[in-house]
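Undergrad: Please find one structure pasted underneath; my questions will follow.
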Amino acid sequence: MAAVQRLLRASASGGAAAAARRRMSTALAPEQTPAAGAFPFAAAAERARRRMAEERNVQWVFLGCPGVGKGTYASRLSRLLGVPHIATGDLVRDELASSGPLSVQLAEIVNQGKLVSDEIIINLLSKRLKKGEEQGESGFILDGFPRTVKQAEILDGVTDIDMVVNLKLREDVLVEKCLGRRICGQCGKNFNLACIDVKGENGLPPIYMAPLLPPNNCMSKLITRADDTEEVVRNRLRIYNDMSQPVEGFYRQQGKLLEFDLPGGIPESWPKLLHVLNLEDQEEMKLATA
């Protein structure tokens, strides 16, 4: 573990950290921009940003309500930057499918409907980071963790996070989006039947999200998730918001939080997200991840 911490802290203190800090200072609104001198690497930021295309050395966290699409955008950015997208839910599922020492314990927890403890999640994450170190990975994008301040504090003891991207979307749009989700019972792919077209009013901008329709051979095999009811979705969002606000405050105080309001679906949001991250000039890479 000590070796993992030394490696990750050393990489974070170099080009990636400076580039990430530079991105935040240029992307955040004036009232969110950290005070001048808050980041000691500002002088080297532009040079670090130019090295970004080669180094791909980022250590980012993606936050966002259930259904906001953080997994989608984190996956796209992981391909764009050449770093792994690490979702803690996937780590748990992978361990359950293995014959590892935690698999039996995890199976009991999941079967009883209990939450997986912070200790187990950090154990799995530390193992994944160590494996990445051994394979020469230069960074990561973490999705689904941390969800509490305690978890954020524990994560700080494991690795240095450069930047936290908080994806935001209006609750009425999130609910409609979640209610439109479908899974093909045959191929397992995810689709969304909702065509969201919300007019701008009361100072809020319009939002349009086209449906993600399945091919004809999947249309008759679509399944709705049992928990995708309006009551459950709204309760899930309420619980998330109650838990997430302290986490957002934790990273905001550290000067690492970048809040990004999704203006629409992927065609509208992806270019704007690249812009605030200063990645929009890598046109050939955008095309590769489209």
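If you're wondering about the labels, chains in the structure tokens are A, B, ... by order shown, residues count from 1 in each chain, ligands from 1 in order shown.
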Mind checking DSSP for stretch 59-202 of chain A and telling me the strand (DSSP E or B) residues as number ranges by chain?
TA: A: 59-64, 85-87, 140-143, 163-168, 181-184, 190-192, 196-198, 201
Undergrad: Excluding A:Ile120 and any residue of its chain fewer than 2 positions from it, enumerate the residues within 10 Å of it, using only C-alpha atoms, and give them as a PDB file with C-alpha atoms, in the first residue's frame.
TA:
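Result written to result-v4.pdb:
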ATOM      1  CA  VAL A  92     -17.675  -5.446  -6.090  1.00  0.00           C
ATOM      2  CA  LEU A 102     -13.615 -11.403   0.025  1.00  0.00           C
ATOM      3  CA  GLN A 105     -18.106 -12.267   2.712  1.00  0.00           C
ATOM      4  CA  LEU A 106     -19.379 -10.007  -0.057  1.00  0.00           C
ATOM      5  CA  VAL A 116     -20.786  -2.911   1.572  1.00  0.00           C
ATOM      6  CA  SER A 117     -18.572  -1.389   4.267  1.00  0.00           C
ATOM      7  CA  ASP A 118     -16.076   1.409   3.613  1.00  0.00           C
ATOM      8  CA  ILE A 122     -11.200   0.745   0.100  1.00  0.00           C
ATOM      9  CA  ASN A 123      -9.613  -2.717   0.197  1.00  0.00           C
ATOM     10  CA  LEU A 124     -10.920  -3.476  -3.308  1.00  0.00           C
ATOM     11  CA  LEU A 125      -9.917  -0.039  -4.597  1.00  0.00           C
ATOM     12  CA  SER A 126      -6.414  -0.306  -3.143  1.00  0.00           C
TER      13      SER A 126
END
Undergrad: For A:Val158, which of A:Arg170, A:Lys272, A:Arg182, A:Arg128 is the closest residue, counting only C-alpha atoms?
TA: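 Of all the options, A:Arg128 lies closest to A:Val158.
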Undergrad: Between A:Pro271, A:Pro214, A:Gly89, A:Gly136, single out the one closest to A:Gly185, counting only C-alpha atoms.
TA: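 Residue with the minimum atom-to-atom distance to A:Gly185: A:Pro214.
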Undergrad: Hey, what's within 9 Å of A:Phe191 if we count only C-alpha atoms and toss same-chain stuff fewer than 2 positions away? As a CSV table (one decimal) with all heavy atoms, in the first residue's frame, please?
TA:
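Written file, around_4.csv:
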chain,number,residue,atom,x,y,z
A,180,GLY,N,-37.5,6.5,-18.3
A,180,GLY,CA,-37.4,6.0,-19.6
A,180,GLY,C,-36.4,4.9,-19.9
A,180,GLY,O,-36.3,4.4,-21.0
A,181,ARG,N,-35.6,4.5,-18.8
A,181,ARG,CA,-34.6,3.5,-19.0
A,181,ARG,C,-35.2,2.1,-19.2
A,181,ARG,O,-36.2,1.7,-18.6
A,181,ARG,CB,-33.7,3.4,-17.7
A,181,ARG,CG,-32.8,4.7,-17.5
A,181,ARG,CD,-31.8,4.5,-16.5
A,181,ARG,NE,-32.3,4.2,-15.1
A,181,ARG,CZ,-31.6,4.4,-14.0
A,181,ARG,NH1,-30.4,4.7,-14.1
A,181,ARG,NH2,-32.2,4.1,-12.8
A,182,ARG,N,-34.5,1.4,-20.2
A,182,ARG,CA,-34.9,0.0,-20.5
A,182,ARG,C,-33.7,-0.8,-20.7
A,182,ARG,O,-32.7,-0.3,-21.1
A,182,ARG,CB,-35.8,0.0,-21.8
A,182,ARG,CG,-37.1,0.8,-21.7
A,182,ARG,CD,-38.1,0.1,-20.7
A,182,ARG,NE,-39.4,0.8,-20.8
A,182,ARG,CZ,-39.7,1.9,-20.1
A,182,ARG,NH1,-38.8,2.5,-19.3
A,182,ARG,NH2,-40.9,2.5,-20.3
A,183,ILE,N,-33.8,-2.1,-20.5
A,183,ILE,CA,-32.7,-3.1,-20.7
A,183,ILE,C,-33.3,-4.1,-21.6
A,183,ILE,O,-34.4,-4.6,-21.4
A,183,ILE,CB,-32.3,-3.7,-19.4
A,183,ILE,CG1,-31.8,-2.6,-18.4
A,183,ILE,CG2,-31.1,-4.7,-19.6
A,183,ILE,CD1,-31.5,-3.1,-17.0
A,184,CYS,N,-32.5,-4.5,-22.6
A,184,CYS,CA,-32.9,-5.6,-23.5
A,184,CYS,C,-32.7,-6.9,-22.7
A,184,CYS,O,-31.6,-7.2,-22.3
A,184,CYS,CB,-32.0,-5.6,-24.8
A,184,CYS,SG,-32.4,-7.0,-25.8
A,189,LYS,N,-28.1,-4.9,-23.3
A,189,LYS,CA,-27.8,-3.5,-23.5
A,189,LYS,C,-28.8,-2.5,-22.9
A,189,LYS,O,-30.0,-2.9,-22.8
A,189,LYS,CB,-27.6,-3.2,-25.0
A,189,LYS,CG,-26.4,-3.9,-25.6
A,189,LYS,CD,-26.2,-3.5,-27.1
A,189,LYS,CE,-24.9,-4.2,-27.7
A,189,LYS,NZ,-24.8,-3.8,-29.1
A,193,LEU,N,-36.1,5.3,-23.7
A,193,LEU,CA,-37.2,5.7,-24.5
A,193,LEU,C,-37.7,7.1,-24.3
A,193,LEU,O,-38.5,7.6,-25.1
A,193,LEU,CB,-38.4,4.7,-24.3
A,193,LEU,CG,-38.1,3.2,-24.4
A,193,LEU,CD1,-39.4,2.5,-24.3
A,193,LEU,CD2,-37.5,2.9,-25.8
A,211,PRO,N,-34.1,10.4,-27.4
A,211,PRO,CA,-34.1,9.0,-26.9
A,211,PRO,C,-33.0,8.2,-27.5
A,211,PRO,O,-32.5,8.4,-28.6
A,211,PRO,CB,-35.5,8.5,-27.4
A,211,PRO,CG,-35.8,9.4,-28.6
A,211,PRO,CD,-35.2,10.7,-28.3
A,212,LEU,N,-32.6,7.2,-26.7
A,212,LEU,CA,-31.6,6.2,-27.2
A,212,LEU,C,-32.4,4.9,-27.5
A,212,LEU,O,-32.6,4.1,-26.6
A,212,LEU,CB,-30.6,6.0,-26.1
A,212,LEU,CG,-29.5,4.9,-26.4
A,212,LEU,CD1,-28.7,5.4,-27.7
A,212,LEU,CD2,-28.5,4.7,-25.3
A,213,LEU,N,-32.9,4.9,-28.7
A,213,LEU,CA,-33.8,3.8,-29.1
A,213,LEU,C,-33.1,2.5,-29.5
A,213,LEU,O,-32.0,2.5,-30.0
A,213,LEU,CB,-34.6,4.2,-30.3
A,213,LEU,CG,-35.5,5.4,-30.0
A,213,LEU,CD1,-36.2,5.9,-31.3
A,213,LEU,CD2,-36.5,5.2,-28.9
A,214,PRO,N,-33.7,1.4,-29.1
A,214,PRO,CA,-33.0,0.1,-29.5
A,214,PRO,C,-33.3,-0.3,-30.9
A,214,PRO,O,-34.2,0.2,-31.6
A,214,PRO,CB,-33.8,-0.9,-28.6
A,214,PRO,CG,-35.1,-0.3,-28.4
A,214,PRO,CD,-34.9,1.2,-28.4
A,222,LEU,N,-37.6,-5.5,-24.4
A,222,LEU,CA,-37.2,-4.5,-23.4
A,222,LEU,C,-37.8,-4.7,-22.1
A,222,LEU,O,-39.0,-5.1,-21.9
A,222,LEU,CB,-37.6,-3.1,-23.9
A,222,LEU,CG,-36.9,-2.6,-25.2
A,222,LEU,CD1,-37.3,-1.2,-25.5
A,222,LEU,CD2,-35.4,-2.7,-25.1
Undergrad: Have a look at A:Thr229, A:Gln245, A:Thr148, A:Ser220 and name the one nearest to A:Leu179; count only C-alpha atoms.
TA: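 Selected residue with least distance to A:Leu179: A:Thr229.
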Undergrad: Please identify all polymer residues within 7 Å of stretch 204-209 of chain A, counting only C-alpha atoms, omitting same-chain residues fewer than 2 positions from it, and present them as an MDAnalysis selection string.
TA: chainID A and resid 195:202 211 263:265
Undergrad: Could you dump the residues just selected with all heavy atoms as an mmCIF file, in the first residue's frame?
TA:
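Everything below was put into out.cif:
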data_model
loop_
_atom_site.group_PDB
_atom_site.id
_atom_site.type_symbol
_atom_site.label_atom_id
_atom_site.label_comp_id
_atom_site.auth_asym_id
_atom_site.auth_seq_id
_atom_site.Cartn_x
_atom_site.Cartn_y
_atom_site.Cartn_z
ATOM 1 N N CYS A 195 -37.975 10.982 -24.552
ATOM 2 C CA CYS A 195 -37.567 12.117 -25.395
ATOM 3 C C CYS A 195 -37.824 13.372 -24.563
ATOM 4 O O CYS A 195 -38.967 13.812 -24.422
ATOM 5 C CB CYS A 195 -38.352 12.151 -26.701
ATOM 6 S SG CYS A 195 -37.870 13.515 -27.784
ATOM 7 N N ILE A 196 -36.758 13.900 -23.992
ATOM 8 C CA ILE A 196 -36.893 15.016 -23.050
ATOM 9 C C ILE A 196 -36.716 16.336 -23.797
ATOM 10 O O ILE A 196 -35.679 16.578 -24.431
ATOM 11 C CB ILE A 196 -35.846 14.891 -21.927
ATOM 12 C CG1 ILE A 196 -36.084 13.583 -21.158
ATOM 13 C CG2 ILE A 196 -35.890 16.100 -21.000
ATOM 14 C CD1 ILE A 196 -34.990 13.239 -20.166
ATOM 15 N N ASP A 197 -37.747 17.162 -23.733
ATOM 16 C CA ASP A 197 -37.714 18.455 -24.416
ATOM 17 C C ASP A 197 -38.356 19.481 -23.478
ATOM 18 O O ASP A 197 -39.560 19.730 -23.529
ATOM 19 C CB ASP A 197 -38.475 18.376 -25.740
ATOM 20 C CG ASP A 197 -38.270 19.616 -26.598
ATOM 21 O OD1 ASP A 197 -37.522 20.513 -26.179
ATOM 22 O OD2 ASP A 197 -38.879 19.679 -27.684
ATOM 23 N N VAL A 198 -37.532 20.037 -22.594
ATOM 24 C CA VAL A 198 -38.011 20.959 -21.567
ATOM 25 C C VAL A 198 -37.727 22.390 -21.995
ATOM 26 O O VAL A 198 -36.584 22.735 -22.317
ATOM 27 C CB VAL A 198 -37.320 20.666 -20.215
ATOM 28 C CG1 VAL A 198 -37.830 21.624 -19.149
ATOM 29 C CG2 VAL A 198 -37.559 19.220 -19.796
ATOM 30 N N LYS A 199 -38.760 23.214 -22.021
ATOM 31 C CA LYS A 199 -38.590 24.609 -22.398
ATOM 32 C C LYS A 199 -37.934 25.397 -21.265
ATOM 33 O O LYS A 199 -38.122 25.091 -20.094
ATOM 34 C CB LYS A 199 -39.936 25.228 -22.752
ATOM 35 C CG LYS A 199 -40.597 24.614 -23.977
ATOM 36 C CD LYS A 199 -41.917 25.295 -24.289
ATOM 37 C CE LYS A 199 -42.554 24.696 -25.539
ATOM 38 N NZ LYS A 199 -43.856 25.335 -25.856
ATOM 39 N N GLY A 200 -37.148 26.393 -21.643
ATOM 40 C CA GLY A 200 -36.525 27.241 -20.644
ATOM 41 C C GLY A 200 -37.548 28.153 -19.990
ATOM 42 O O GLY A 200 -38.346 28.795 -20.666
ATOM 43 N N GLU A 201 -37.555 28.203 -18.661
ATOM 44 C CA GLU A 201 -38.473 29.066 -17.927
ATOM 45 C C GLU A 201 -37.952 29.303 -16.526
ATOM 46 O O GLU A 201 -37.150 28.520 -16.007
ATOM 47 C CB GLU A 201 -39.882 28.460 -17.871
ATOM 48 C CG GLU A 201 -39.942 27.071 -17.283
ATOM 49 C CD GLU A 201 -41.336 26.478 -17.359
ATOM 50 O OE1 GLU A 201 -42.230 27.128 -17.938
ATOM 51 O OE2 GLU A 201 -41.533 25.374 -16.832
ATOM 52 N N ASN A 202 -38.391 30.383 -15.905
ATOM 53 C CA ASN A 202 -37.984 30.744 -14.547
ATOM 54 C C ASN A 202 -36.468 30.813 -14.398
ATOM 55 O O ASN A 202 -35.903 30.402 -13.382
ATOM 56 C CB ASN A 202 -38.557 29.746 -13.529
ATOM 57 C CG ASN A 202 -40.069 29.702 -13.533
ATOM 58 O OD1 ASN A 202 -40.725 30.728 -13.713
ATOM 59 N ND2 ASN A 202 -40.630 28.512 -13.347
ATOM 60 N N PRO A 211 -34.092 10.402 -27.406
ATOM 61 C CA PRO A 211 -34.141 9.022 -26.885
ATOM 62 C C PRO A 211 -33.024 8.177 -27.463
ATOM 63 O O PRO A 211 -32.528 8.446 -28.556
ATOM 64 C CB PRO A 211 -35.511 8.528 -27.353
ATOM 65 C CG PRO A 211 -35.824 9.350 -28.559
ATOM 66 C CD PRO A 211 -35.223 10.697 -28.307
ATOM 67 N N PRO A 263 -26.123 20.451 -20.260
ATOM 68 C CA PRO A 263 -27.068 21.254 -21.029
ATOM 69 C C PRO A 263 -28.040 20.420 -21.855
ATOM 70 O O PRO A 263 -28.946 20.966 -22.473
ATOM 71 C CB PRO A 263 -26.146 22.070 -21.951
ATOM 72 C CG PRO A 263 -24.961 21.182 -22.169
ATOM 73 C CD PRO A 263 -24.785 20.411 -20.892
ATOM 74 N N GLY A 264 -27.835 19.117 -21.906
ATOM 75 C CA GLY A 264 -28.692 18.254 -22.716
ATOM 76 C C GLY A 264 -28.130 16.860 -22.763
ATOM 77 O O GLY A 264 -27.458 16.414 -21.817
ATOM 78 N N GLY A 265 -28.384 16.165 -23.872
ATOM 79 C CA GLY A 265 -27.857 14.820 -24.043
ATOM 80 C C GLY A 265 -26.391 14.847 -24.430
ATOM 81 O O GLY A 265 -25.727 15.896 -24.404
#
Undergrad: Run DSSP on the backbone of this structure and report the residues of stretch 77-261 of chain A it assigns to helix (DSSP H, G or I), as a ChimeraX atom specification.
TA: /A:77-81,88-96,103-111,118-134,149-158,171-179,216-219,230-253
Undergrad: When you look at A:Gly82 with a cut-off of 9 Å (counting only C-alpha atoms), what residues show up, excluding the ones that are within fewer than 3 positions of it in the same chain? I need them as a PDB file with C-alpha atoms, in the first residue's frame.
TA:
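Output file selection36.pdb follows:
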ATOM      1  CA  ARG A  56      -2.528  11.057 -19.654  1.00  0.00           C
ATOM      2  CA  ASN A  57      -1.762  11.375 -15.942  1.00  0.00           C
ATOM      3  CA  LEU A  77     -13.015  10.411 -20.907  1.00  0.00           C
ATOM      4  CA  SER A  78     -11.132   7.279 -19.883  1.00  0.00           C
ATOM      5  CA  ARG A  79     -10.850   6.303 -23.548  1.00  0.00           C
ATOM      6  CA  GLU A 137      -1.249   2.663 -15.594  1.00  0.00           C
ATOM      7  CA  SER A 138      -0.627   6.375 -15.129  1.00  0.00           C
ATOM      8  CA  GLY A 139      -3.923   7.443 -13.579  1.00  0.00           C
ATOM      9  CA  PHE A 140      -7.659   6.742 -13.292  1.00  0.00           C
TER      10      PHE A 140
END
Undergrad: Just checking: using only C-alpha atoms, which residue out of A:Glu95, A:Cys65, A:Leu142, A:Leu155 ends up closest to A:Glu119?
TA: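 Of A:Glu95, A:Cys65, A:Leu142, A:Leu155, the one nearest A:Glu119, counting only C-alpha atoms, is A:Leu155.
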Undergrad: Closest to A:Gln59 among A:Glu108, A:Asp156, A:Asp94, A:Asp261, using only C-alpha atoms?
TA: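 For A:Gln59, the nearest of the given residues is A:Asp156.
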Undergrad: Could you list, as a ChimeraX atom specification, every residue within 10 Å of A:Gln254, counting only C-alpha atoms and ignoring same-chain residues fewer than 4 positions away?
TA: /A:34,163,248-250
Undergrad: Return the single residue from A:Ala210, A:Glu133, A:Asn235, A:Ile161 that is closest to A:Glu268, with distances computed using only C-alpha atoms.
TA: A:Ala210
